[in-house]
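Colleague: One structure follows; several queries about it will come next.
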Amino acid sequence: MKLLLARHGQSVWQVEGESAGKDAPLTPLGETQAHYLGQYLAQNGRPDAIYASPLQRARRTAEIVASYLNMTPEVEPGLCEFEDWENGWAPAPVSMWDMSPAAALSPGYGRFRAQVLGAMQRIVAAYLDGERTVLVVAHGGSIGTILRIALGSDTLGVYPFNAALNQLEWTHSRWRDTWSLFVVNQMDYLPPELRTG
């Protein structure tokens with residue numbers, strides 16, 4: 001199974017800040033980024049399914065991408081962005097060379113991690129058989145958390161760029177079955193002036 005993880009296109013919140021509200025739409029540049037992503041996927045590996053966060057910036061990105069693939073994205077509430085900053089984020093590592101957590105998961109991040117894990121378990125359960133590809137369009141926090149869970153490190157720093165692809169594959173070998181990370185922040189299909197984070 002292949003998981004393609006794409007962050008939404010640039011949002012009004014990224015440009016205007018908190019005054020744009022928690023469910024800010026895409027900017028015109030963000031819409032353009034989504035079109036480039038859709039064109040790329042139409043020519044380079046059509047997914048079997050598309051899932052999106054219900055927040056409009058991710059949902060709209062998924063809708064634009066899906067229009068190039070003649071598909072309809074499914075909304076997965078568990079892919080929403082992290083918002084519980086008062087109760088803490090992912091833990092820091094002990095040191096540069098010891099990535100074990102310096103502290104326990106904060107209550108806020110622990111709840112968010114469980115929410116994202118539940119969403120991914122539902123998605124993966126539906127497509128685990130065979131060589132299936134699923135596109136997930138979500139947020140920096142949720143994509144980072146998916147990668148942290150798959151790679152087994154809650155302290156890993158992950159910074160997805162707008163409309164960039166990250167690729168995980170569930171691989172089988174004679175030694176073990178595991179998630180393998182193949183691509184991080186692929187955005188060669190975006191012209192340099194459209195690359196934002």
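Chains: A, B, ... in order of the structure tokens. Residues: from 1 per chain. Ligands: from 1, in order shown.
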Give me, as JSON lines, the closest atom pair and its distance (Å, one decimal) for every residue of stretch 59-139 of chain A within a cut-off of 12 Å of stretch 29-50 of chain A, counting only C-alpha atoms, rows sorted by chain and rising number.

Modeller:
{"residue": "A:Arg59", "atom": "CA", "partner": "A:Ile50", "partner_atom": "CA", "distance": 10.3}
{"residue": "A:Arg60", "atom": "CA", "partner": "A:Glu31", "partner_atom": "CA", "distance": 8.1}
{"residue": "A:Thr61", "atom": "CA", "partner": "A:Ala34", "partner_atom": "CA", "distance": 5.3}
{"residue": "A:Ala62", "atom": "CA", "partner": "A:Ile50", "partner_atom": "CA", "distance": 7.2}
{"residue": "A:Glu63", "atom": "CA", "partner": "A:Ala34", "partner_atom": "CA", "distance": 8.8}
{"residue": "A:Ile64", "atom": "CA", "partner": "A:Ala34", "partner_atom": "CA", "distance": 6.1}
{"residue": "A:Val65", "atom": "CA", "partner": "A:Gly38", "partner_atom": "CA", "distance": 3.9}
{"residue": "A:Ala66", "atom": "CA", "partner": "A:Gly38", "partner_atom": "CA", "distance": 6.8}
{"residue": "A:Ser67", "atom": "CA", "partner": "A:Gly38", "partner_atom": "CA", "distance": 7.5}
{"residue": "A:Tyr68", "atom": "CA", "partner": "A:Gly38", "partner_atom": "CA", "distance": 5.5}
{"residue": "A:Leu69", "atom": "CA", "partner": "A:Ala42", "partner_atom": "CA", "distance": 5.8}
{"residue": "A:Asn70", "atom": "CA", "partner": "A:Ala42", "partner_atom": "CA", "distance": 9.4}
{"residue": "A:Met71", "atom": "CA", "partner": "A:Ile50", "partner_atom": "CA", "distance": 7.8}
{"residue": "A:Thr72", "atom": "CA", "partner": "A:Ile50", "partner_atom": "CA", "distance": 7.2}
{"residue": "A:Pro73", "atom": "CA", "partner": "A:Ile50", "partner_atom": "CA", "distance": 4.7}
{"residue": "A:Glu74", "atom": "CA", "partner": "A:Ile50", "partner_atom": "CA", "distance": 6.2}
{"residue": "A:Val75", "atom": "CA", "partner": "A:Ile50", "partner_atom": "CA", "distance": 8.6}
{"residue": "A:Glu76", "atom": "CA", "partner": "A:Ile50", "partner_atom": "CA", "distance": 10.0}
{"residue": "A:Ile123", "atom": "CA", "partner": "A:Ala49", "partner_atom": "CA", "distance": 9.4}
{"residue": "A:Val124", "atom": "CA", "partner": "A:Ala49", "partner_atom": "CA", "distance": 10.8}
{"residue": "A:Ala126", "atom": "CA", "partner": "A:Ala49", "partner_atom": "CA", "distance": 9.9}
{"residue": "A:Tyr127", "atom": "CA", "partner": "A:Asp48", "partner_atom": "CA", "distance": 8.5}
{"residue": "A:Leu128", "atom": "CA", "partner": "A:Asp48", "partner_atom": "CA", "distance": 11.4}
{"residue": "A:Asp129", "atom": "CA", "partner": "A:Asp48", "partner_atom": "CA", "distance": 12.0}
{"residue": "A:Gly130", "atom": "CA", "partner": "A:Asp48", "partner_atom": "CA", "distance": 11.3}
{"residue": "A:Glu131", "atom": "CA", "partner": "A:Asp48", "partner_atom": "CA", "distance": 9.6}
{"residue": "A:Arg132", "atom": "CA", "partner": "A:Asp48", "partner_atom": "CA", "distance": 6.3}
{"residue": "A:Thr133", "atom": "CA", "partner": "A:Pro47", "partner_atom": "CA", "distance": 4.8}
{"residue": "A:Val134", "atom": "CA", "partner": "A:Ala49", "partner_atom": "CA", "distance": 5.0}
{"residue": "A:Leu135", "atom": "CA", "partner": "A:Ile50", "partner_atom": "CA", "distance": 4.7}
{"residue": "A:Val136", "atom": "CA", "partner": "A:Ile50", "partner_atom": "CA", "distance": 5.9}
{"residue": "A:Val137", "atom": "CA", "partner": "A:Ile50", "partner_atom": "CA", "distance": 7.5}
{"residue": "A:Ala138", "atom": "CA", "partner": "A:Ile50", "partner_atom": "CA", "distance": 10.8}

Colleague: Show me, as a list in words, the residues that have an atom within 12 Å of A:Gly108 when counting only C-alpha atoms, minus same-chain residues fewer than 2 positions from it.

Modeller: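 Non-adjacent residues within range: Phe82, Glu83, Asp84, Trp85, Glu86, Asn87, Gly88, Trp89, Ala90, Pro91, Ala104, Leu105, Ser106, Gly110, Arg111, Phe112, Arg113, Ala114 and Gln115 of chain A.
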
Colleague: Apply DSSP to the backbone of this structure and, from stretch 107-156 of chain A, keep only the residues in helix (DSSP H, G or I); write these as a CSV table (one decimal) with C-alpha atoms, in the first residue's frame.

Modeller:
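The resulting file, part.csv, is shown below:
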chain,number,residue,atom,x,y,z
A,107,PRO,CA,-2.4,15.9,27.0
A,108,GLY,CA,-3.2,18.0,23.9
A,109,TYR,CA,-0.8,16.2,21.6
A,110,GLY,CA,-1.8,12.8,23.0
A,111,ARG,CA,-5.4,13.5,22.1
A,112,PHE,CA,-4.5,14.8,18.7
A,113,ARG,CA,-2.2,11.8,18.0
A,114,ALA,CA,-5.0,9.4,18.9
A,115,GLN,CA,-7.4,11.3,16.6
A,116,VAL,CA,-5.0,11.1,13.7
A,117,LEU,CA,-4.1,7.5,14.3
A,118,GLY,CA,-7.8,6.5,14.4
A,119,ALA,CA,-8.3,8.3,11.0
A,120,MET,CA,-5.4,6.6,9.4
A,121,GLN,CA,-6.4,3.2,10.8
A,122,ARG,CA,-9.8,3.6,9.2
A,123,ILE,CA,-8.3,4.7,5.8
A,124,VAL,CA,-5.6,2.0,5.7
A,125,ALA,CA,-8.1,-0.8,6.7
A,126,ALA,CA,-10.1,0.0,3.6
A,127,TYR,CA,-7.1,-0.1,1.2
A,140,GLY,CA,1.1,20.3,8.5
A,141,GLY,CA,0.2,19.0,12.0
A,142,SER,CA,-1.7,16.0,10.9
A,143,ILE,CA,0.8,15.0,8.2
A,144,GLY,CA,3.7,15.4,10.6
A,145,THR,CA,1.9,13.2,13.1
A,146,ILE,CA,1.2,10.5,10.5
A,147,LEU,CA,4.9,10.5,9.6
A,148,ARG,CA,5.9,10.4,13.3
A,149,ILE,CA,3.6,7.5,14.0
A,150,ALA,CA,4.7,5.5,10.9
A,151,LEU,CA,8.4,6.2,11.6

Colleague: Please report the interatomic distance between atom CA of A:Leu5 and atom CA of A:Thr178 in Å with one decimal.

Modeller: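 According to the coordinates, atom CA of A:Leu5 and atom CA of A:Thr178 are separated by 17.2 Å.
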
Colleague: Could you please write out, as a PDB file with N, CA and C atoms, in the first residue's frame, every residue of stretch 39-194 of chain A that DSSP assigns to strand (DSSP E or B)?

Modeller:
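Full text of states.pdb as output:
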ATOM      1  N   ALA A  49      -8.004   6.283  -4.129  1.00  0.00           N
ATOM      2  CA  ALA A  49      -8.949   7.014  -3.285  1.00  0.00           C
ATOM      3  C   ALA A  49      -8.301   8.306  -2.823  1.00  0.00           C
ATOM      4  N   ILE A  50      -9.150   9.279  -2.487  1.00  0.00           N
ATOM      5  CA  ILE A  50      -8.684  10.559  -1.940  1.00  0.00           C
ATOM      6  C   ILE A  50      -9.472  10.830  -0.668  1.00  0.00           C
ATOM      7  N   TYR A  51      -8.752  11.123   0.405  1.00  0.00           N
ATOM      8  CA  TYR A  51      -9.362  11.506   1.680  1.00  0.00           C
ATOM      9  C   TYR A  51      -8.893  12.911   2.032  1.00  0.00           C
ATOM     10  N   ALA A  52      -9.772  13.673   2.681  1.00  0.00           N
ATOM     11  CA  ALA A  52      -9.421  15.042   3.049  1.00  0.00           C
ATOM     12  C   ALA A  52      -9.963  15.392   4.427  1.00  0.00           C
ATOM     13  N   GLU A  74     -13.256  11.772  -0.164  1.00  0.00           N
ATOM     14  CA  GLU A  74     -14.027  11.448   1.032  1.00  0.00           C
ATOM     15  C   GLU A  74     -13.498  12.288   2.178  1.00  0.00           C
ATOM     16  N   VAL A  75     -14.395  12.809   2.994  1.00  0.00           N
ATOM     17  CA  VAL A  75     -14.006  13.637   4.136  1.00  0.00           C
ATOM     18  C   VAL A  75     -13.799  12.740   5.352  1.00  0.00           C
ATOM     19  N   PRO A  93      13.151  15.998  21.733  1.00  0.00           N
ATOM     20  CA  PRO A  93      14.025  14.858  21.987  1.00  0.00           C
ATOM     21  C   PRO A  93      14.962  15.131  23.165  1.00  0.00           C
ATOM     22  N   VAL A  94      15.531  14.063  23.702  1.00  0.00           N
ATOM     23  CA  VAL A  94      16.500  14.195  24.793  1.00  0.00           C
ATOM     24  C   VAL A  94      17.703  15.004  24.315  1.00  0.00           C
ATOM     25  N   SER A  95      18.193  14.700  23.118  1.00  0.00           N
ATOM     26  CA  SER A  95      19.327  15.438  22.551  1.00  0.00           C
ATOM     27  C   SER A  95      19.337  15.246  21.039  1.00  0.00           C
ATOM     28  N   ASP A  98      19.823  11.549  20.571  1.00  0.00           N
ATOM     29  CA  ASP A  98      18.913  10.665  21.308  1.00  0.00           C
ATOM     30  C   ASP A  98      17.501  11.177  21.082  1.00  0.00           C
ATOM     31  N   MET A  99      16.805  10.568  20.122  1.00  0.00           N
ATOM     32  CA  MET A  99      15.488  11.056  19.725  1.00  0.00           C
ATOM     33  C   MET A  99      14.356  10.568  20.626  1.00  0.00           C
ATOM     34  N   SER A 100      14.687   9.876  21.713  1.00  0.00           N
ATOM     35  CA  SER A 100      13.619   9.490  22.635  1.00  0.00           C
ATOM     36  C   SER A 100      13.067  10.757  23.288  1.00  0.00           C
ATOM     37  N   PRO A 101      11.791  10.749  23.650  1.00  0.00           N
ATOM     38  CA  PRO A 101      11.160  11.959  24.197  1.00  0.00           C
ATOM     39  C   PRO A 101      11.779  12.386  25.528  1.00  0.00           C
ATOM     40  N   THR A 133      -3.111   2.788  -3.809  1.00  0.00           N
ATOM     41  CA  THR A 133      -2.550   4.105  -3.498  1.00  0.00           C
ATOM     42  C   THR A 133      -3.665   4.993  -2.992  1.00  0.00           C
ATOM     43  N   VAL A 134      -3.430   5.639  -1.869  1.00  0.00           N
ATOM     44  CA  VAL A 134      -4.407   6.548  -1.273  1.00  0.00           C
ATOM     45  C   VAL A 134      -3.755   7.908  -1.093  1.00  0.00           C
ATOM     46  N   LEU A 135      -4.437   8.948  -1.548  1.00  0.00           N
ATOM     47  CA  LEU A 135      -4.001  10.323  -1.334  1.00  0.00           C
ATOM     48  C   LEU A 135      -4.749  10.878  -0.129  1.00  0.00           C
ATOM     49  N   VAL A 136      -4.006  11.424   0.813  1.00  0.00           N
ATOM     50  CA  VAL A 136      -4.576  12.084   1.984  1.00  0.00           C
ATOM     51  C   VAL A 136      -4.200  13.562   1.895  1.00  0.00           C
ATOM     52  N   VAL A 137      -5.197  14.440   1.877  1.00  0.00           N
ATOM     53  CA  VAL A 137      -4.960  15.883   1.839  1.00  0.00           C
ATOM     54  C   VAL A 137      -5.336  16.438   3.202  1.00  0.00           C
ATOM     55  N   ALA A 138      -4.329  16.967   3.889  1.00  0.00           N
ATOM     56  CA  ALA A 138      -4.569  17.392   5.267  1.00  0.00           C
ATOM     57  C   ALA A 138      -3.722  18.618   5.596  1.00  0.00           C
ATOM     58  N   ASN A 162       3.244  23.551   1.375  1.00  0.00           N
ATOM     59  CA  ASN A 162       1.935  23.609   0.724  1.00  0.00           C
ATOM     60  C   ASN A 162       1.950  22.841  -0.591  1.00  0.00           C
ATOM     61  N   LEU A 165       4.078  16.673  -1.831  1.00  0.00           N
ATOM     62  CA  LEU A 165       3.767  15.267  -1.580  1.00  0.00           C
ATOM     63  C   LEU A 165       4.805  14.616  -0.674  1.00  0.00           C
ATOM     64  N   ASN A 166       4.311  13.796   0.231  1.00  0.00           N
ATOM     65  CA  ASN A 166       5.128  12.928   1.064  1.00  0.00           C
ATOM     66  C   ASN A 166       4.614  11.517   0.803  1.00  0.00           C
ATOM     67  N   GLN A 167       5.514  10.550   0.719  1.00  0.00           N
ATOM     68  CA  GLN A 167       5.083   9.199   0.340  1.00  0.00           C
ATOM     69  C   GLN A 167       5.593   8.151   1.314  1.00  0.00           C
ATOM     70  N   LEU A 168       4.644   7.414   1.888  1.00  0.00           N
ATOM     71  CA  LEU A 168       4.925   6.258   2.727  1.00  0.00           C
ATOM     72  C   LEU A 168       4.444   5.014   1.990  1.00  0.00           C
ATOM     73  N   GLU A 169       5.171   3.904   2.149  1.00  0.00           N
ATOM     74  CA  GLU A 169       4.701   2.635   1.600  1.00  0.00           C
ATOM     75  C   GLU A 169       4.801   1.557   2.662  1.00  0.00           C
ATOM     76  N   TRP A 170       3.748   0.756   2.764  1.00  0.00           N
ATOM     77  CA  TRP A 170       3.773  -0.412   3.640  1.00  0.00           C
ATOM     78  C   TRP A 170       4.494  -1.490   2.849  1.00  0.00           C
ATOM     79  N   THR A 171       5.693  -1.838   3.274  1.00  0.00           N
ATOM     80  CA  THR A 171       6.526  -2.753   2.514  1.00  0.00           C
ATOM     81  C   THR A 171       6.652  -4.097   3.215  1.00  0.00           C
ATOM     82  N   HIS A 172       6.728  -5.130   2.389  1.00  0.00           N
ATOM     83  CA  HIS A 172       6.890  -6.497   2.885  1.00  0.00           C
ATOM     84  C   HIS A 172       8.263  -7.000   2.450  1.00  0.00           C
ATOM     85  N   ASP A 177       7.695  -6.532   7.978  1.00  0.00           N
ATOM     86  CA  ASP A 177       6.754  -5.627   7.322  1.00  0.00           C
ATOM     87  C   ASP A 177       6.871  -4.287   8.041  1.00  0.00           C
ATOM     88  N   THR A 178       6.927  -3.202   7.278  1.00  0.00           N
ATOM     89  CA  THR A 178       7.119  -1.900   7.913  1.00  0.00           C
ATOM     90  C   THR A 178       6.694  -0.767   6.977  1.00  0.00           C
ATOM     91  N   TRP A 179       6.463   0.392   7.558  1.00  0.00           N
ATOM     92  CA  TRP A 179       6.271   1.598   6.764  1.00  0.00           C
ATOM     93  C   TRP A 179       7.649   2.076   6.334  1.00  0.00           C
ATOM     94  N   SER A 180       7.785   2.438   5.081  1.00  0.00           N
ATOM     95  CA  SER A 180       9.024   3.004   4.555  1.00  0.00           C
ATOM     96  C   SER A 180       8.712   4.380   3.983  1.00  0.00           C
ATOM     97  N   LEU A 181       9.573   5.331   4.281  1.00  0.00           N
ATOM     98  CA  LEU A 181       9.417   6.695   3.785  1.00  0.00           C
ATOM     99  C   LEU A 181      10.221   6.834   2.503  1.00  0.00           C
ATOM    100  N   PHE A 182       9.527   7.172   1.405  1.00  0.00           N
ATOM    101  CA  PHE A 182      10.181   7.279   0.111  1.00  0.00           C
ATOM    102  C   PHE A 182      10.345   8.723  -0.362  1.00  0.00           C
ATOM    103  N   VAL A 183       9.414   9.590   0.001  1.00  0.00           N
ATOM    104  CA  VAL A 183       9.449  10.960  -0.506  1.00  0.00           C
ATOM    105  C   VAL A 183       9.054  11.917   0.620  1.00  0.00           C
ATOM    106  N   VAL A 184       9.785  13.036   0.717  1.00  0.00           N
ATOM    107  CA  VAL A 184       9.447  14.100   1.667  1.00  0.00           C
ATOM    108  C   VAL A 184       9.419  15.420   0.902  1.00  0.00           C
ATOM    109  N   ASN A 185       8.306  16.126   1.008  1.00  0.00           N
ATOM    110  CA  ASN A 185       8.152  17.455   0.408  1.00  0.00           C
ATOM    111  C   ASN A 185       8.512  17.513  -1.082  1.00  0.00           C
ATOM    112  N   GLN A 186       8.021  16.547  -1.856  1.00  0.00           N
ATOM    113  CA  GLN A 186       8.212  16.615  -3.310  1.00  0.00           C
ATOM    114  C   GLN A 186       7.357  17.752  -3.846  1.00  0.00           C
TER     115      GLN A 186
END
